[in-house]
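Below is coords_34.pdb, which holds PDB, C-alpha atoms.
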MODEL        1
ATOM      1  CA  VAL R 212       0.255  85.007 -52.178
ATOM      2  CA  GLU R 213      -0.638  86.385 -48.759
ATOM      3  CA  GLU R 214       0.010  83.019 -47.113
ATOM      4  CA  LYS R 215       3.393  82.761 -48.851
ATOM      5  CA  ASP R 216       4.256  86.299 -47.751
ATOM      6  CA  SER R 217       3.174  85.420 -44.215
ATOM      7  CA  ILE R 218       5.432  82.355 -44.192
ATOM      8  CA  THR R 219       8.330  84.376 -45.578
ATOM      9  CA  ALA R 220       7.779  87.054 -42.942
ATOM     10  CA  TRP R 221       7.598  84.415 -40.223
ATOM     11  CA  ARG R 222      10.878  82.846 -41.370
ATOM     12  CA  ALA R 223      12.505  86.270 -41.210
ATOM     13  CA  ASP R 224      11.123  86.729 -37.688
ATOM     14  CA  LEU R 225      12.356  83.265 -36.702
ATOM     15  CA  ALA R 226      15.852  84.051 -37.988
ATOM     16  CA  TRP R 227      15.731  87.324 -36.042
ATOM     17  CA  TYR R 228      14.679  85.633 -32.792
ATOM     18  CA  LEU R 229      17.291  82.876 -33.200
ATOM     19  CA  GLY R 230      19.876  85.592 -33.783
ATOM     20  CA  ILE R 231      18.845  87.316 -30.560
ATOM     21  CA  THR R 232      18.990  83.927 -28.802
ATOM     22  CA  ALA R 233      22.559  83.371 -29.957
ATOM     23  CA  ALA R 234      23.601  86.938 -29.152
ATOM     24  CA  SER R 235      22.050  86.720 -25.670
ATOM     25  CA  GLY R 236      23.786  83.442 -24.934
ATOM     26  CA  LEU R 237      27.089  84.808 -26.184
ATOM     27  CA  ALA R 238      26.884  88.111 -24.290
ATOM     28  CA  PHE R 239      25.843  86.542 -20.984
ATOM     29  CA  GLY R 240      28.331  83.721 -21.480
ATOM     30  CA  ILE R 241      31.243  86.077 -22.038
ATOM     31  CA  GLY R 242      30.300  88.541 -19.328
ATOM     32  CA  LEU R 243      28.807  86.402 -16.575
ATOM     33  CA  GLY R 244      29.988  82.879 -17.279
ATOM     34  CA  PRO R 245      28.845  79.785 -19.187
ATOM     35  CA  LEU R 246      25.877  79.029 -16.926
ATOM     36  CA  ALA R 247      24.452  82.548 -17.351
ATOM     37  CA  GLY R 248      24.964  82.200 -21.096
ATOM     38  CA  VAL R 249      23.092  78.924 -21.253
ATOM     39  CA  LEU R 250      20.252  80.303 -19.099
ATOM     40  CA  ALA R 251      19.935  83.457 -21.229
ATOM     41  CA  ALA R 252      19.944  81.474 -24.471
ATOM     42  CA  ALA R 253      17.463  78.957 -23.052
ATOM     43  CA  THR R 254      15.101  81.761 -21.995
ATOM     44  CA  MET R 255      15.169  83.349 -25.437
ATOM     45  CA  LEU R 256      14.834  79.943 -27.110
ATOM     46  CA  ALA R 257      11.766  79.188 -24.987
ATOM     47  CA  PHE R 258      10.254  82.511 -26.069
ATOM     48  CA  THR R 259      11.048  81.699 -29.706
ATOM     49  CA  LEU R 260       9.469  78.242 -29.413
ATOM     50  CA  LEU R 261       6.398  79.783 -27.772
ATOM     51  CA  LEU R 262       5.987  82.058 -30.784
ATOM     52  CA  ALA R 263       6.706  79.247 -33.247
ATOM     53  CA  PHE R 264       4.200  76.753 -31.872
ATOM     54  CA  GLY R 265       1.748  78.982 -30.005
ATOM     55  CA  ARG R 266       0.874  81.143 -33.016
ATOM     56  CA  ARG R 267      -1.255  78.378 -34.477
ATOM     57  CA  ASN R 268      -3.606  78.327 -31.506
ATOM     58  CA  SER R 269      -3.342  81.651 -29.724
ATOM     59  CA  ASP R 270      -4.516  85.011 -31.028
ATOM     60  CA  ALA R 271      -2.338  86.820 -28.465
ATOM     61  CA  VAL R 272       0.791  84.891 -29.479
ATOM     62  CA  ARG R 273       0.157  85.761 -33.126
ATOM     63  CA  VAL R 274      -0.059  89.431 -32.136
ATOM     64  CA  ILE R 275       3.149  89.188 -30.066
ATOM     65  CA  GLY R 276       4.947  87.503 -32.956
ATOM     66  CA  GLY R 277       3.562  89.850 -35.597
ATOM     67  CA  SER R 278       2.270  86.903 -37.620
ATOM     68  CA  GLY R 279      -1.254  85.959 -38.626
ATOM     69  CA  ASP R 280      -3.843  87.951 -40.528
ATOM     70  CA  GLU R 281      -4.298  91.682 -41.082
ATOM     71  CA  ARG R 282      -5.913  92.248 -37.676
ATOM     72  CA  ASN R 283      -3.024  90.475 -35.900
ATOM     73  CA  ARG R 284      -0.499  92.616 -37.760
ATOM     74  CA  ASP R 285      -2.501  95.768 -37.025
ATOM     75  CA  LEU R 286      -2.598  94.940 -33.303
ATOM     76  CA  TYR R 287       1.110  94.059 -33.411
ATOM     77  CA  THR R 288       1.900  97.475 -34.908
ATOM     78  CA  ARG R 289      -0.247  99.262 -32.321
ATOM     79  CA  SER R 290       1.320  97.290 -29.467
ATOM     80  CA  LEU R 291       4.791  98.019 -30.789
ATOM     81  CA  ALA R 292       3.929 101.727 -31.039
ATOM     82  CA  ILE R 293       2.740 101.782 -27.434
ATOM     83  CA  ALA R 294       5.858  99.940 -26.221
ATOM     84  CA  GLY R 295       8.101 102.234 -28.261
ATOM     85  CA  GLY R 296       6.320 105.320 -26.967
ATOM     86  CA  VAL R 297       6.668 104.216 -23.368
ATOM     87  CA  VAL R 298      10.380 103.443 -23.788
ATOM     88  CA  GLY R 299      10.967 106.715 -25.641
ATOM     89  CA  LEU R 300       9.241 108.810 -22.996
ATOM     90  CA  THR R 301      10.955 106.918 -20.180
ATOM     91  CA  VAL R 302      14.434 107.334 -21.643
ATOM     92  CA  THR R 303      13.821 110.997 -22.474
ATOM     93  CA  GLY R 304      12.386 111.704 -19.033
ATOM     94  CA  TRP R 305      15.205 109.836 -17.361
ATOM     95  CA  TYR R 306      17.750 111.852 -19.342
ATOM     96  CA  LEU R 307      16.081 115.120 -18.292
ATOM     97  CA  VAL R 308      16.263 114.005 -14.657
ATOM     98  CA  THR R 309      20.026 113.469 -15.013
ATOM     99  CA  VAL R 310      20.302 116.936 -16.605
ATOM    100  CA  ALA R 311      18.338 118.482 -13.729
ATOM    101  CA  ARG R 312      20.695 116.799 -11.269
ATOM    102  CA  GLY R 313      23.640 118.445 -13.030
ATOM    103  CA  GLU R 314      25.035 115.111 -14.276
ATOM    104  CA  PRO R 315      23.799 114.607 -17.854
ATOM    105  CA  ASP R 316      24.014 110.951 -18.842
ATOM    106  CA  SER R 317      25.562 110.626 -22.312
ATOM    107  CA  THR R 318      24.150 107.138 -22.893
ATOM    108  CA  LEU R 319      20.613 108.360 -22.231
ATOM    109  CA  LEU R 320      21.272 111.332 -24.511
ATOM    110  CA  VAL R 321      22.320 109.004 -27.345
ATOM    111  CA  LEU R 322      19.232 106.842 -26.782
ATOM    112  CA  THR R 323      16.986 109.931 -26.715
ATOM    113  CA  LEU R 324      18.488 111.219 -29.961
ATOM    114  CA  LEU R 325      18.235 107.749 -31.517
ATOM    115  CA  PHE R 326      14.562 107.505 -30.555
ATOM    116  CA  SER R 327      13.813 111.005 -31.852
ATOM    117  CA  ALA R 328      15.688 110.498 -35.133
ATOM    118  CA  THR R 329      14.124 107.096 -35.722
ATOM    119  CA  PHE R 330      10.631 108.379 -34.997
ATOM    120  CA  VAL R 331      10.944 111.476 -37.194
ATOM    121  CA  GLY R 332      12.649 109.492 -39.970
ATOM    122  CA  SER R 333      10.004 106.783 -39.885
ATOM    123  CA  ALA R 334       7.218 109.371 -39.934
ATOM    124  CA  ILE R 335       8.731 111.097 -42.976
ATOM    125  CA  VAL R 336       9.164 107.812 -44.866
ATOM    126  CA  ALA R 337       5.694 106.641 -43.865
ATOM    127  CA  SER R 338       4.077 109.902 -44.974
ATOM    128  CA  ARG R 339       5.676 109.526 -48.401
ATOM    129  CA  THR R 340       4.990 105.849 -48.923
ATOM    130  CA  GLY R 341       1.920 105.150 -46.790
TER     131      GLY R 341
ATOM    132  CA  MET Y  49     -23.091 116.737 -28.794
ATOM    133  CA  THR Y  50     -20.642 115.838 -31.560
ATOM    134  CA  ARG Y  51     -21.111 113.745 -34.661
ATOM    135  CA  LYS Y  52     -18.898 110.723 -35.021
ATOM    136  CA  LEU Y  53     -18.561 109.957 -38.715
ATOM    137  CA  ASP Y  54     -16.192 107.005 -38.662
ATOM    138  CA  THR Y  55     -18.687 104.419 -37.514
ATOM    139  CA  VAL Y  56     -19.366 101.520 -39.840
ATOM    140  CA  GLN Y  57     -22.038  98.965 -39.145
ATOM    141  CA  ASN Y  58     -21.997  95.577 -40.786
ATOM    142  CA  SER Y  59     -24.292  92.627 -41.293
ATOM    143  CA  VAL Y  60     -21.624  89.940 -41.473
ATOM    144  CA  ARG Y  61     -23.182  87.990 -38.600
ATOM    145  CA  GLU Y  62     -26.630  88.072 -40.208
ATOM    146  CA  HIS Y  63     -25.247  86.915 -43.563
ATOM    147  CA  ARG Y  64     -23.168  84.187 -41.911
ATOM    148  CA  GLN Y  65     -26.038  82.899 -39.836
ATOM    149  CA  GLY Y  66     -28.229  83.022 -42.910
ATOM    150  CA  ARG Y  67     -25.803  80.647 -44.583
ATOM    151  CA  GLY Y  68     -25.717  78.484 -41.470
ATOM    152  CA  ILE Y  69     -21.943  78.479 -41.200
ATOM    153  CA  SER Y  70     -19.654  78.978 -38.243
ATOM    154  CA  GLN Y  71     -17.234  81.828 -37.675
ATOM    155  CA  ALA Y  72     -14.373  79.359 -38.163
ATOM    156  CA  ALA Y  73     -15.712  78.238 -41.538
ATOM    157  CA  LEU Y  74     -16.123  81.819 -42.723
ATOM    158  CA  ALA Y  75     -12.645  82.629 -41.430
ATOM    159  CA  ASP Y  76     -11.152  79.741 -43.425
ATOM    160  CA  ALA Y  77     -13.053  80.822 -46.527
ATOM    161  CA  VAL Y  78     -11.667  84.358 -46.515
ATOM    162  CA  GLY Y  79      -8.233  83.585 -45.065
ATOM    163  CA  VAL Y  80      -8.350  85.132 -41.605
ATOM    164  CA  SER Y  81      -8.659  83.830 -38.047
ATOM    165  CA  ARG Y  82     -11.930  83.063 -36.267
ATOM    166  CA  GLN Y  83     -11.093  85.793 -33.772
ATOM    167  CA  THR Y  84     -10.925  88.321 -36.589
ATOM    168  CA  ILE Y  85     -14.375  87.360 -37.843
ATOM    169  CA  ASN Y  86     -15.684  87.694 -34.289
ATOM    170  CA  ALA Y  87     -14.025  91.099 -33.929
ATOM    171  CA  ILE Y  88     -15.634  92.268 -37.187
ATOM    172  CA  GLU Y  89     -19.069  91.007 -36.207
ATOM    173  CA  THR Y  90     -18.931  92.705 -32.832
ATOM    174  CA  GLY Y  91     -17.660  95.964 -34.315
ATOM    175  CA  ARG Y  92     -14.278  95.856 -32.592
ATOM    176  CA  TYR Y  93     -12.349  95.718 -35.852
ATOM    177  CA  LEU Y  94     -12.862  97.434 -39.189
ATOM    178  CA  PRO Y  95     -11.565  95.144 -41.948
ATOM    179  CA  SER Y  96      -9.346  96.346 -44.776
ATOM    180  CA  LEU Y  97     -10.946  96.926 -48.174
ATOM    181  CA  PRO Y  98      -9.503  93.668 -49.613
ATOM    182  CA  LEU Y  99     -10.995  91.695 -46.722
ATOM    183  CA  ALA Y 100     -14.299  93.547 -46.976
ATOM    184  CA  PHE Y 101     -14.424  92.699 -50.690
ATOM    185  CA  ALA Y 102     -13.534  89.087 -49.910
ATOM    186  CA  LEU Y 103     -16.417  88.875 -47.435
ATOM    187  CA  ALA Y 104     -18.820  90.496 -49.891
ATOM    188  CA  GLY Y 105     -17.621  88.128 -52.616
ATOM    189  CA  TYR Y 106     -18.106  85.116 -50.377
ATOM    190  CA  PHE Y 107     -21.683  86.093 -49.584
ATOM    191  CA  GLY Y 108     -22.328  87.099 -53.196
ATOM    192  CA  THR Y 109     -23.473  90.556 -52.206
ATOM    193  CA  ALA Y 110     -22.414  94.122 -52.835
ATOM    194  CA  ILE Y 111     -19.970  95.510 -50.324
ATOM    195  CA  GLU Y 112     -22.359  98.324 -49.409
ATOM    196  CA  ASP Y 113     -24.960  95.718 -48.475
ATOM    197  CA  LEU Y 114     -22.521  94.215 -46.020
ATOM    198  CA  PHE Y 115     -20.975  97.388 -44.643
ATOM    199  CA  GLU Y 116     -22.901 100.578 -44.054
ATOM    200  CA  PRO Y 117     -21.434 103.856 -42.887
ATOM    201  CA  SER Y 118     -23.398 105.439 -40.109
ATOM    202  CA  GLU Y 119     -23.280 108.583 -38.028
ATOM    203  CA  GLY Y 120     -22.829 107.781 -34.387
ATOM    204  CA  GLU Y 121     -23.232 110.262 -31.578
ATOM    205  CA  ALA Y 122     -20.502 110.789 -29.031
TER     206      ALA Y 122
ENDMDL
END
Structure rendered as structure tokens:
Amino acid sequence: VEEKDSITAWRADLAWYLGITAASGLAFGIGLGPLAGVLAAATMLAFTLLLAFGRRNSDAVRVIGGSGDERNRDLYTRSLAIAGGVVGLTVTGWYLVTVARGEPDSTLLVLTLLFSATFVGSAIVASRTG
Amino acid sequence: MTRKLDTVQNSVREHRQGRGISQAALADAVGVSRQTINAIETGRYLPSLPLAFALAGYFGTAIEDLFEPSEGEA
């Protein structure tokens, strides 16, 4: 059952990464031209292929991809929490700098509120279901 | 001096070597990676209860014979 769940989860991840690949190619293609679009899509596709084929042999790739056994998923969650924390603090700090300069950045404000709401919401859900 | 109560020692390596099997073979038997078995043996990773039970079941021993809570000093 666990292996089937793992495969199902991996297929969902693969669909997600391929979606990002297509979106990246499209966005860069529209905004910066066909060559930029192809390069962006190729970069994301290479990353996707690395996760798809490297996860069989590399512990680190399994952690990056969030696949593998319980330890891999635990390390993936911890790594994601660290990355999210760094981004959240950076965006919040950056927003406060713009406030201190007298030119509050609305985009950074939205990102700060999004981070805060997502974190608090996730914590509430996790405390009820975890 | 403070007491650290969340330390758990295990004898997975002793049991595995007693059976004469490799980390990879044990990993295959309980459905995890070789790196995870190594991390458990070296105390870098505390397994979940299902995995701890799987290891105890594989060695045919009680879980408390495989994992023992201990009071460390920090």
Q: Between CA of Leu225 (chain R) and CA of Gly341 (chain R), measure the distance and give it in Å to one decimal.
A: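 Straight-line distance from CA of Leu225 (chain R) to CA of Gly341 (chain R) works out to 26.3 Å.
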(Q) Env of Leu300 (chain R): 12 Å cut, atoms = all atoms listed in the file, seq-sep filter 5 positions within chain, self excluded. Answer as a PyMOL selection string. (A) chain R and resi 292-295+305-307+319+322-324+326-327
Q: Please identify every residue of chain Y that has at least one atom no more than 12 Å from any atom of chain R, counting all atoms listed in the file, and report them as an MDAnalysis selection string.
A: chainID Y and resid 75:76 78:88 92:100
Q. Hey, can you check how far CA of Val298 (chain R) sits from CA of Arg339 (chain R)?
A.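 Interatomic distance, CA of Val298 (chain R) to CA of Arg339 (chain R): 25.8 Å.
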Q.
One number please: CA of Gly240 (chain R) to CA of Thr318 (chain R), in Å, one decimal.
A. 23.8 Å
Q. Hey, what's within 12 Å of Ser235 (chain R) if we count all atoms listed in the file and toss same-chain stuff fewer than 5 positions away? As JSON, numbers by chain, please?
A. {"R": [228, 229, 230, 240, 241, 242, 243, 245, 247, 248, 249, 250, 251, 252, 253, 254, 255, 256]}
Those selected residues, please, written with C-alpha atoms and delivered as a PDB file, keeping the file's coordinate frame.
ATOM      1  CA  TYR R 228      14.679  85.633 -32.792  1.00  0.00           C
ATOM      2  CA  LEU R 229      17.291  82.876 -33.200  1.00  0.00           C
ATOM      3  CA  GLY R 230      19.876  85.592 -33.783  1.00  0.00           C
ATOM      4  CA  GLY R 240      28.331  83.721 -21.480  1.00  0.00           C
ATOM      5  CA  ILE R 241      31.243  86.077 -22.038  1.00  0.00           C
ATOM      6  CA  GLY R 242      30.300  88.541 -19.328  1.00  0.00           C
ATOM      7  CA  LEU R 243      28.807  86.402 -16.575  1.00  0.00           C
ATOM      8  CA  PRO R 245      28.845  79.785 -19.187  1.00  0.00           C
ATOM      9  CA  ALA R 247      24.452  82.548 -17.351  1.00  0.00           C
ATOM     10  CA  GLY R 248      24.964  82.200 -21.096  1.00  0.00           C
ATOM     11  CA  VAL R 249      23.092  78.924 -21.253  1.00  0.00           C
ATOM     12  CA  LEU R 250      20.252  80.303 -19.099  1.00  0.00           C
ATOM     13  CA  ALA R 251      19.935  83.457 -21.229  1.00  0.00           C
ATOM     14  CA  ALA R 252      19.944  81.474 -24.471  1.00  0.00           C
ATOM     15  CA  ALA R 253      17.463  78.957 -23.052  1.00  0.00           C
ATOM     16  CA  THR R 254      15.101  81.761 -21.995  1.00  0.00           C
ATOM     17  CA  MET R 255      15.169  83.349 -25.437  1.00  0.00           C
ATOM     18  CA  LEU R 256      14.834  79.943 -27.110  1.00  0.00           C
TER      19      LEU R 256
END
Q) Within 8 Å of Gln57 (chain Y), counting only C-alpha atoms, which residues qualify if same-chain residues fewer than 5 places away don't, as a PyMOL selection string? A) chain Y and resi 91+115-118
Restricted to C-alpha atoms, what would the selected residues look like written as a CSV table (one decimal), in the coordinates of the input?
chain,number,residue,atom,x,y,z
Y,91,GLY,CA,-17.7,96.0,-34.3
Y,115,PHE,CA,-21.0,97.4,-44.6
Y,116,GLU,CA,-22.9,100.6,-44.1
Y,117,PRO,CA,-21.4,103.9,-42.9
Y,118,SER,CA,-23.4,105.4,-40.1
Q: Could you give me, as a PyMOL selection string, the residues within 12 Å of Gly276 (chain R), counting all atoms listed in the file and dropping anything in the same chain fewer than 6 positions from it?
A: chain R and resi 217+220-225+227-228+258-267+269-270+283-288+290-291
With C-alpha atoms kept, could you save the residues just selected as a short mmCIF file (atom, residue, chain, number, x, y, z; two decimals), keeping the file's coordinate frame?
data_model
loop_
_atom_site.label_atom_id
_atom_site.label_comp_id
_atom_site.auth_asym_id
_atom_site.auth_seq_id
_atom_site.Cartn_x
_atom_site.Cartn_y
_atom_site.Cartn_z
CA SER R 217 3.17 85.42 -44.22
CA ALA R 220 7.78 87.05 -42.94
CA TRP R 221 7.60 84.42 -40.22
CA ARG R 222 10.88 82.85 -41.37
CA ALA R 223 12.50 86.27 -41.21
CA ASP R 224 11.12 86.73 -37.69
CA LEU R 225 12.36 83.26 -36.70
CA TRP R 227 15.73 87.32 -36.04
CA TYR R 228 14.68 85.63 -32.79
CA PHE R 258 10.25 82.51 -26.07
CA THR R 259 11.05 81.70 -29.71
CA LEU R 260 9.47 78.24 -29.41
CA LEU R 261 6.40 79.78 -27.77
CA LEU R 262 5.99 82.06 -30.78
CA ALA R 263 6.71 79.25 -33.25
CA PHE R 264 4.20 76.75 -31.87
CA GLY R 265 1.75 78.98 -30.00
CA ARG R 266 0.87 81.14 -33.02
CA ARG R 267 -1.25 78.38 -34.48
CA SER R 269 -3.34 81.65 -29.72
CA ASP R 270 -4.52 85.01 -31.03
CA ASN R 283 -3.02 90.48 -35.90
CA ARG R 284 -0.50 92.62 -37.76
CA ASP R 285 -2.50 95.77 -37.02
CA LEU R 286 -2.60 94.94 -33.30
CA TYR R 287 1.11 94.06 -33.41
CA THR R 288 1.90 97.48 -34.91
CA SER R 290 1.32 97.29 -29.47
CA LEU R 291 4.79 98.02 -30.79
#
Q. Looking at Y:Ser70, Y:Glu89, Y:Thr55, Y:Val60, which one is nearest to Ala102 (chain Y), with distances taken over all atoms listed in the file?
A.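 With all atoms listed in the file as the atom set, the closest residue is Y:Val60.
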Can you pull out every residue within 10 Å of His63 (chain Y), counting all atoms listed in the file, but drop anything in the same chain fewer than 2 positions away, and send it as a compact mmCIF listing (two decimals) with C-alpha atoms, keeping the file's coordinate frame?
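Once everything was written out, this is around_33.txt:
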# COMPACT_ATOMS: atom_id res chain seq x y z
CA ASN Y 58 -22.00 95.58 -40.79
CA SER Y 59 -24.29 92.63 -41.29
CA VAL Y 60 -21.62 89.94 -41.47
CA ARG Y 61 -23.18 87.99 -38.60
CA GLN Y 65 -26.04 82.90 -39.84
CA GLY Y 66 -28.23 83.02 -42.91
CA ARG Y 67 -25.80 80.65 -44.58
CA GLY Y 68 -25.72 78.48 -41.47
CA ILE Y 69 -21.94 78.48 -41.20
CA LEU Y 103 -16.42 88.88 -47.44
CA ALA Y 104 -18.82 90.50 -49.89
CA PHE Y 107 -21.68 86.09 -49.58
CA THR Y 109 -23.47 90.56 -52.21
CA LEU Y 114 -22.52 94.22 -46.02
